Amino acid sequence: MASHETYYVPAQSKWPIIASVGLLLTVFGGGSMINGMSSGTGSAAGKWIFFAGALTIAYMMFGWFSSVVKESDQGLYSQQMDRSFRMGMGWFIFSEVMFFAAFFGALFYARTFAGPWLGGDGDKGVANMLWPDFQFAWPLMVNPDATTFPGPRETISPWQLPLFNTIILISSSVTVTFAHHALRADKRGATKAWLGLTVLLGVIFLVLQALEYQHAYHDLGLTLNSGIYGSTFFMLTGFHGAHVTMGTLILAIMLIRITRGHFTPDKHFGFEAASWYWHFVDVVWVGLFVFVYIL
Amino acid sequence: MSAVIDHHHADHAHGPAKGMMRWVLTTNHKDIGTMYLWFSFAMFLLGGSMAMVIRAELFQPGLQLVQPEFFNQMTTTHGLIMVFGAVMPAFVGLANWMIPLMVGAPDMALPRMNNFSFWLLPMAFGLLVSTLFMEGGGPNFGWTFYAPLSTTYAPPSVTFFIFAIHLAGISSIMGAINIIATILNLRAPGMTLMKMPLFVWTWLITAFLLIAVMPVLAGVVTMMLMDIHFGTSFFNAAGGGDPVMFQHIFWFFGHPEVYIMILPAFGAVSQIIPTFSRKPLFGYTSMVYATAAIAFLSFIVWAHHMFTVGIPITGELFFMYATMLIAVPTGVKVFNWVSTMFRGALTFETPMLFAIAFVILFTIGGFSGLMLAIATADFQYHDTYFVVAHFHYVLVPGAIFGIFASAYYWLPKWTGHMYDETLGKTHFWMSFIGMNLAFFPMHFVGLAGMPRRIPDYNIMFANFNMVSSIGAFMFGATQLLFLFIVIKCIKGGPKAAANPWEGAEGLEWTVPSPAPYHTFTTPPEVK
Ligand code: HEM
Ligand SMILES: [Cu+2]
């Protein structure tokens with residue numbers, strides 16, 4: 001008993017059910033919108049349902065996390081509880097790794113197997129009979145059916161914007177670590193400065209990424225519709241960008257919390273979790289830079 | 001039990017809240033476990049009634065009851081509901097109820113997230129079932145939803161199907177994270193990893209599999225969504241993609257998924273057989289390693305579902321031999337179960353009957369799996385009723401009997417009453433006979449070439465199909481008896497002692513029956 005503190009089991013909570021309903025509304029509304037968009041018969045209802053769902057989720061996130069912060073402040077969480085949170089976050093990040101793995105897997109498979117086979121390597125399957133003239137190369141500029149899927153005119157050069165973005169993201173991983181060290185040393189001012197810089201770097205990255213998309217769509221003809229190259233390019237960088245957006249938001253919230261005096265030099269898991277997430281997003285980017293942009 | 005309530009947490013020592021909101025807002029692992037189990041049973045009946053429609057149509061050759069379009073929706077939603085709605089949630093429910101009790105934890109590690117995991121499921125399946133009523137009908141492309149059937153040729157409702165899978169996936173991942181954190185972090189002092197009950201071990205490994213592959217499933221349905229609505233060409237060769245790529249990604253999820261559905265059953269049976277043999281489990285350590293080996297191998301065998309799709313010969317060979325390797329750790333397990341029973345003082349209460357049937361019939365399913373694993377032979381078997389026979393032998397007397405065995409084994413702990421043994425045995429024998437009648441003939445019609453997923457068939461398969469349908473109706477009807485048995489057990493029956501089974505061991509039997517609302521608030525000492 002002495003070695004064990006009591007484990008906090010919260011009493012009933014309304015947040016999970018709100019979250020579930022919110023998610024259902026979001027996907028139902030979102031699904032209706034998407035279907036409406038594709039069939040051209042969309043009604044306004046989908047948008048409103050989606051909007052209601054998104055609001056519900058935002059409300060839920062705010063409420064749920066606030067109550068966790070409050071409980072933590074009240075000292076309800078033992079070290080054992082803290083370990084549960086750490087494990088939870090760690091395994092969540094692992095699941096995210098596997099999500100990206102699916103898209104990287106698609107990229108590798110298309111490049112090393114499906115593409116060359118389509119171009120006539122190996123036993124020449126049915127697809128090869130459909131498009132006997134098709135030549136495979138990577139990046140794939142001319143698709144088998146070039147009318148339905150017009151290939152990109154050009155691809156993004158890795159040594160301009162993407163290289164710059166790599167430097168930005170790696171620096172942001174360093175600055176968030178400096179912020180962590182400062183927090184542990186109880187230097188609030190320095191923590192705020194480093195964390196603020198991290199958030200700023202995140203925002204710059206996102207702005208540059210948006211410019212790159214703009215460039216790809218308008219100048220290079222590289223779109224979601226430009227075949228497997230565009231598909232893998234936009235899905236990988238797009239999901240990564242979505243994660244950077246999330247990460248930046250979370251770090252910004254951490255900044256606000258630090259400004260409000262939350263966290264102590266030895267209890268600040270919320271901050272640590274955010275920085276784990278940020279490092280993860282960073283590592284994914286390095287994978288993207290190498291496999292999507294350079295190779 | 002007075003130790004449970006001490007001054008530290010007098011404020012938490014409350015019982016259940018009153019009314020409906022108890023269930024909606026609960027953070028209690030027992031409440032949530034109960035909801036999972038009821039939800040799963042509801043889905044089992046729903047998926048089961050779809051199976052009845054299928055078997056009624058196949059009772060005779062020719063089309064009589066339903067249109068082929070509807071038939072396809074029935075096979076698809078039957079599979080999806082059984083896999084994601086019945087089997088998986090049942091095991092999560094068992095995990096919720098039993099793992100904290102077995103490791104001496106006060107609750108699950110993250111109780112609020114636990115409630116979230118559960119309540120996402122009704123949302124997911126509400127959405128999935130609603131697609132049946134949408135324009136163009138529900139999913140009709142098979143539970144494996146191969147592209148381009150599920151992309152280019154899918155009904156518009158596929159969008160909602162995709163989101164339903166996302167919701168169910170989020171639920172599974174959160175559930176699995178909770179289970180891992182509970183097992184790794186909340187064990188009572190003294191409960192080392194190698195002292196954990198096997199049900200806990202198999203769930204730990206299952207949870208790992210879930211976290212590793214559910215995101216891949218999310219990835220593949222996302223690619224579908226993009227292909228359908230946003231112009232990408234992941235699964236479209238016209239844009240340089242490949243429909244076969246869909247199958248690779250799907251089965252990278254799919255094969256570990258079948259082990260997700262069987263490993264917890266392995267664990268449950270490994271609890272039950274020693275109890276009714278009154279002997280410790282034979283080869284505990286080898287059981288743990290065999291489970292881990294199966295989990296590892298399950299990641300490198302996926303293309304055995306794709307032997308006929310046109311993969312290079314090296315691929316065929318690799319996936320064939322890797323698949324056959326799984327038989328080794330599986331054999332270790334079967335050997336250990338049999339050795340546990342060998343020279344034991346056996347009694348045959350309902351849980352034990354289901355467990356023994358599990359060992360025998362699951363092994364039959366394993367053998368037909370080995371036949372299918374022979375790549376050359378699979379060219380004959382693939383997409384025939386032989387495959388249907390195989391996976392129903394591993395899933396019905398495997399996963400489902402494992403769930404029934406667990407339910408009977410732990411019902412006294414849950415309800416505080418003994419179930420009606422005579423009725424339980426009747427349920428067992430009717431299920432046993434019904435399912436063998438239903439699925440054994442499928443081996444023969446399959447070998448003779450009857451294709452799966454077709455509402456009509458050659459007249460030469462008529463007799464066997466009629467037998468199958470009769471067996472299926474019998475199996476289906478029997479499950480209503482199970483419902484009755486459970487309700488009867490909740491309402492009353494002989495009082496169950498804390499340990500109602502003579503040979504049962506483990507922490508769950510040290511707390512009273514029914515288990516109090518809060519248990520192990522102070523962790524027990526394990527020696
Ligand atoms: C010794 C172990 C096993 C082996 C060697 C094995 C082998 C195979 C093979 C080769 C196939 C593909 C057949 C074809 O489509 O032509 C298959 C299908 C299948 N197996 Fe197994 N299997 C084993 C155990 C299991 C277990 C434990 C489960 C689930 C609890 C399972 C569930 C399934 C399912 C659901 C399918 C059919 C999927 C579909 O196409 O709809 N198998 N198995
Ligand atoms: Cu498999």
# chains A, B, ... in the order shown; residues from 1 in each chain; ligands from 1

call {"tool": "residues_around", "arguments": {"residues": "region 100-114 of chain A", "least_positions_apart": "3", "cutoff": "9 Å", "atoms": "only C-alpha atoms", "output": "number ranges by chain"}}
result
A: 95-97, 117-119, 137-139, 228-229, 232-233, 235-236, 239-240, 284, 287-288, 291-292; B: 215-220, 223, 234, 237, 240-242, 244-246, 249

call {"tool": "residues_near_ligand", "arguments": {"ligand": "ligand 1", "cutoff": "6 Å", "atoms": "only C-alpha atoms and all ligand atoms", "output": "list in words"}}
result
Val258, Tyr259, Met261, Ile262, His304, His305, Thr323, Met324, Ile326, Ala327, Gly366, Gly369, Leu370, Leu372, Ala373, Asp378, Tyr381, His382, Asp383, Val387, Phe391, Val394 and Leu395 of chain B

call {"tool": "write_last_selection", "arguments": {"atoms": "C-alpha atoms", "output": "mmCIF file, in the first residue's frame"}}
result
data_model
loop_
_atom_site.group_PDB
_atom_site.id
_atom_site.type_symbol
_atom_site.label_atom_id
_atom_site.label_comp_id
_atom_site.auth_asym_id
_atom_site.auth_seq_id
_atom_site.Cartn_x
_atom_site.Cartn_y
_atom_site.Cartn_z
ATOM 1 C CA VAL B 258 -8.019 -12.330 -38.113
ATOM 2 C CA TYR B 259 -5.557 -12.889 -35.282
ATOM 3 C CA MET B 261 -10.249 -11.990 -33.500
ATOM 4 C CA ILE B 262 -8.696 -15.237 -32.296
ATOM 5 C CA HIS B 304 -1.762 -15.628 -49.007
ATOM 6 C CA HIS B 305 -5.112 -13.999 -49.702
ATOM 7 C CA THR B 323 1.972 -18.864 -43.807
ATOM 8 C CA MET B 324 2.788 -22.464 -43.141
ATOM 9 C CA ILE B 326 2.184 -20.103 -38.400
ATOM 10 C CA ALA B 327 1.091 -23.677 -37.980
ATOM 11 C CA GLY B 366 -6.333 -24.449 -38.988
ATOM 12 C CA GLY B 369 -5.969 -22.968 -43.593
ATOM 13 C CA LEU B 370 -2.871 -25.015 -44.260
ATOM 14 C CA LEU B 372 -5.274 -22.943 -48.566
ATOM 15 C CA ALA B 373 -1.728 -21.888 -47.824
ATOM 16 C CA ASP B 378 -5.230 -22.277 -53.690
ATOM 17 C CA TYR B 381 -9.820 -23.208 -53.681
ATOM 18 C CA HIS B 382 -9.679 -19.448 -53.905
ATOM 19 C CA ASP B 383 -13.031 -17.653 -53.903
ATOM 20 C CA VAL B 387 -12.571 -20.556 -48.096
ATOM 21 C CA PHE B 391 -12.858 -19.047 -42.035
ATOM 22 C CA VAL B 394 -11.865 -20.534 -37.245
ATOM 23 C CA LEU B 395 -14.375 -17.829 -36.486
#

call {"tool": "residues_near_ligand", "arguments": {"ligand": "ligand 2", "cutoff": "8 Å", "atoms": "only C-alpha atoms and all ligand atoms", "output": "PyMOL selection string"}}
result
chain B and resi 251+254-256+258+298+301-305

call {"tool": "residues_around", "arguments": {"residues": "region 269-276 of chain A", "least_positions_apart": "5", "cutoff": "10 Å", "atoms": "only C-alpha atoms", "output": "mmCIF file with C-alpha atoms, in the first residue's frame"}}
result
data_model
loop_
_atom_site.group_PDB
_atom_site.id
_atom_site.type_symbol
_atom_site.label_atom_id
_atom_site.label_comp_id
_atom_site.auth_asym_id
_atom_site.auth_seq_id
_atom_site.Cartn_x
_atom_site.Cartn_y
_atom_site.Cartn_z
ATOM 1 C CA PHE A 65 -8.887 19.218 -21.535
ATOM 2 C CA VAL A 68 -7.989 17.359 -16.998
ATOM 3 C CA VAL A 69 -5.927 20.478 -16.312
ATOM 4 C CA ASP A 82 1.154 10.172 -15.109
ATOM 5 C CA ARG A 83 2.644 6.975 -16.516
ATOM 6 C CA PHE A 85 -0.872 9.373 -19.784
ATOM 7 C CA ARG A 86 2.642 8.878 -21.086
ATOM 8 C CA GLY A 88 -1.352 6.682 -23.902
ATOM 9 C CA MET A 89 0.449 9.424 -25.795
ATOM 10 C CA GLY A 90 3.307 7.143 -26.821
ATOM 11 C CA ILE A 93 1.989 8.392 -31.736
ATOM 12 C CA SER A 173 12.503 20.660 -32.965
ATOM 13 C CA VAL A 176 11.067 23.190 -28.557
ATOM 14 C CA THR A 177 13.765 21.201 -26.770
ATOM 15 C CA ALA A 179 11.925 25.485 -24.288
ATOM 16 C CA HIS A 180 11.678 22.207 -22.415
ATOM 17 C CA LEU A 183 10.907 24.977 -18.290
ATOM 18 C CA LEU A 195 8.176 28.103 -27.389
ATOM 19 C CA MET A 246 -2.527 20.370 -35.133
ATOM 20 C CA GLY A 247 0.922 20.459 -33.577
ATOM 21 C CA THR A 248 1.225 24.204 -33.971
ATOM 22 C CA LEU A 249 -2.178 24.703 -32.390
ATOM 23 C CA ILE A 250 -1.285 22.453 -29.475
ATOM 24 C CA LEU A 251 2.022 24.224 -28.942
ATOM 25 C CA ALA A 252 0.234 27.569 -29.093
ATOM 26 C CA ILE A 253 -2.129 26.363 -26.400
ATOM 27 C CA MET A 254 0.875 25.284 -24.339
ATOM 28 C CA LEU A 255 2.283 28.768 -24.773
ATOM 29 C CA ARG A 257 -0.923 27.871 -20.547
ATOM 30 C CA ILE A 258 2.657 28.773 -19.678
ATOM 31 C CA HIS A 262 0.530 26.476 -15.612
ATOM 32 C CA PHE A 263 3.148 23.703 -15.241
ATOM 33 C CA THR A 264 5.993 23.311 -12.777
ATOM 34 C CA VAL A 281 5.820 15.376 -37.066
ATOM 35 C CA ASP A 282 9.388 16.433 -37.691
#

call {"tool": "atom_distance", "arguments": {"atom1": "CA of Gly239 (chain B)", "atom2": "CA of Phe149 (chain A)"}}
result
5.5 Å

call {"tool": "residues_around", "arguments": {"residues": "region 500-515 of chain B", "least_positions_apart": "3", "cutoff": "6 Å", "atoms": "only C-alpha atoms", "output": "VMD selection string"}}
result
chain B and resid 101 to 102 275 278 413 to 416 496 to 497

call {"tool": "write_last_selection", "arguments": {"atoms": "N, CA, C and O atoms", "output": "mmCIF file, in the first residue's frame"}}
result
data_model
loop_
_atom_site.group_PDB
_atom_site.id
_atom_site.type_symbol
_atom_site.label_atom_id
_atom_site.label_comp_id
_atom_site.auth_asym_id
_atom_site.auth_seq_id
_atom_site.Cartn_x
_atom_site.Cartn_y
_atom_site.Cartn_z
ATOM 1 N N LEU B 101 -9.807 -6.878 -13.156
ATOM 2 C CA LEU B 101 -9.982 -7.855 -12.084
ATOM 3 C C LEU B 101 -8.821 -8.843 -12.040
ATOM 4 O O LEU B 101 -8.422 -9.314 -10.983
ATOM 5 N N MET B 102 -8.284 -9.164 -13.201
ATOM 6 C CA MET B 102 -7.240 -10.199 -13.246
ATOM 7 C C MET B 102 -5.872 -9.659 -12.842
ATOM 8 O O MET B 102 -5.023 -10.424 -12.393
ATOM 9 N N THR B 275 -8.974 -24.740 -15.423
ATOM 10 C CA THR B 275 -9.958 -24.777 -14.339
ATOM 11 C C THR B 275 -10.702 -26.104 -14.306
ATOM 12 O O THR B 275 -10.806 -26.743 -13.264
ATOM 13 N N ARG B 278 -8.607 -29.073 -13.529
ATOM 14 C CA ARG B 278 -8.027 -29.022 -12.186
ATOM 15 C C ARG B 278 -6.532 -29.277 -12.220
ATOM 16 O O ARG B 278 -5.972 -30.022 -11.442
ATOM 17 N N LYS B 413 -19.518 -14.451 -11.962
ATOM 18 C CA LYS B 413 -18.806 -13.293 -11.396
ATOM 19 C C LYS B 413 -19.535 -11.994 -11.729
ATOM 20 O O LYS B 413 -19.591 -11.066 -10.933
ATOM 21 N N TRP B 414 -20.125 -11.946 -12.909
ATOM 22 C CA TRP B 414 -20.787 -10.709 -13.339
ATOM 23 C C TRP B 414 -22.132 -10.534 -12.653
ATOM 24 O O TRP B 414 -22.508 -9.426 -12.276
ATOM 25 N N THR B 415 -22.891 -11.640 -12.554
ATOM 26 C CA THR B 415 -24.283 -11.501 -12.107
ATOM 27 C C THR B 415 -24.475 -11.920 -10.662
ATOM 28 O O THR B 415 -25.471 -11.574 -10.045
ATOM 29 N N GLY B 416 -23.554 -12.719 -10.140
ATOM 30 C CA GLY B 416 -23.759 -13.244 -8.790
ATOM 31 C C GLY B 416 -24.635 -14.481 -8.760
ATOM 32 O O GLY B 416 -24.932 -15.014 -7.695
ATOM 33 N N ALA B 496 -24.005 -17.490 -6.580
ATOM 34 C CA ALA B 496 -22.653 -17.931 -6.913
ATOM 35 C C ALA B 496 -21.702 -17.527 -5.806
ATOM 36 O O ALA B 496 -21.780 -16.419 -5.284
ATOM 37 N N ALA B 497 -20.813 -18.444 -5.442
ATOM 38 C CA ALA B 497 -19.776 -18.122 -4.458
ATOM 39 C C ALA B 497 -18.725 -17.235 -5.121
ATOM 40 O O ALA B 497 -18.728 -17.062 -6.338
#

call {"tool": "closest_residue", "arguments": {"among": "B:Thr151, B:Gln380, B:Thr291, B:Thr521", "to": "chain A", "atoms": "only C-alpha atoms"}}
result
B:Thr521
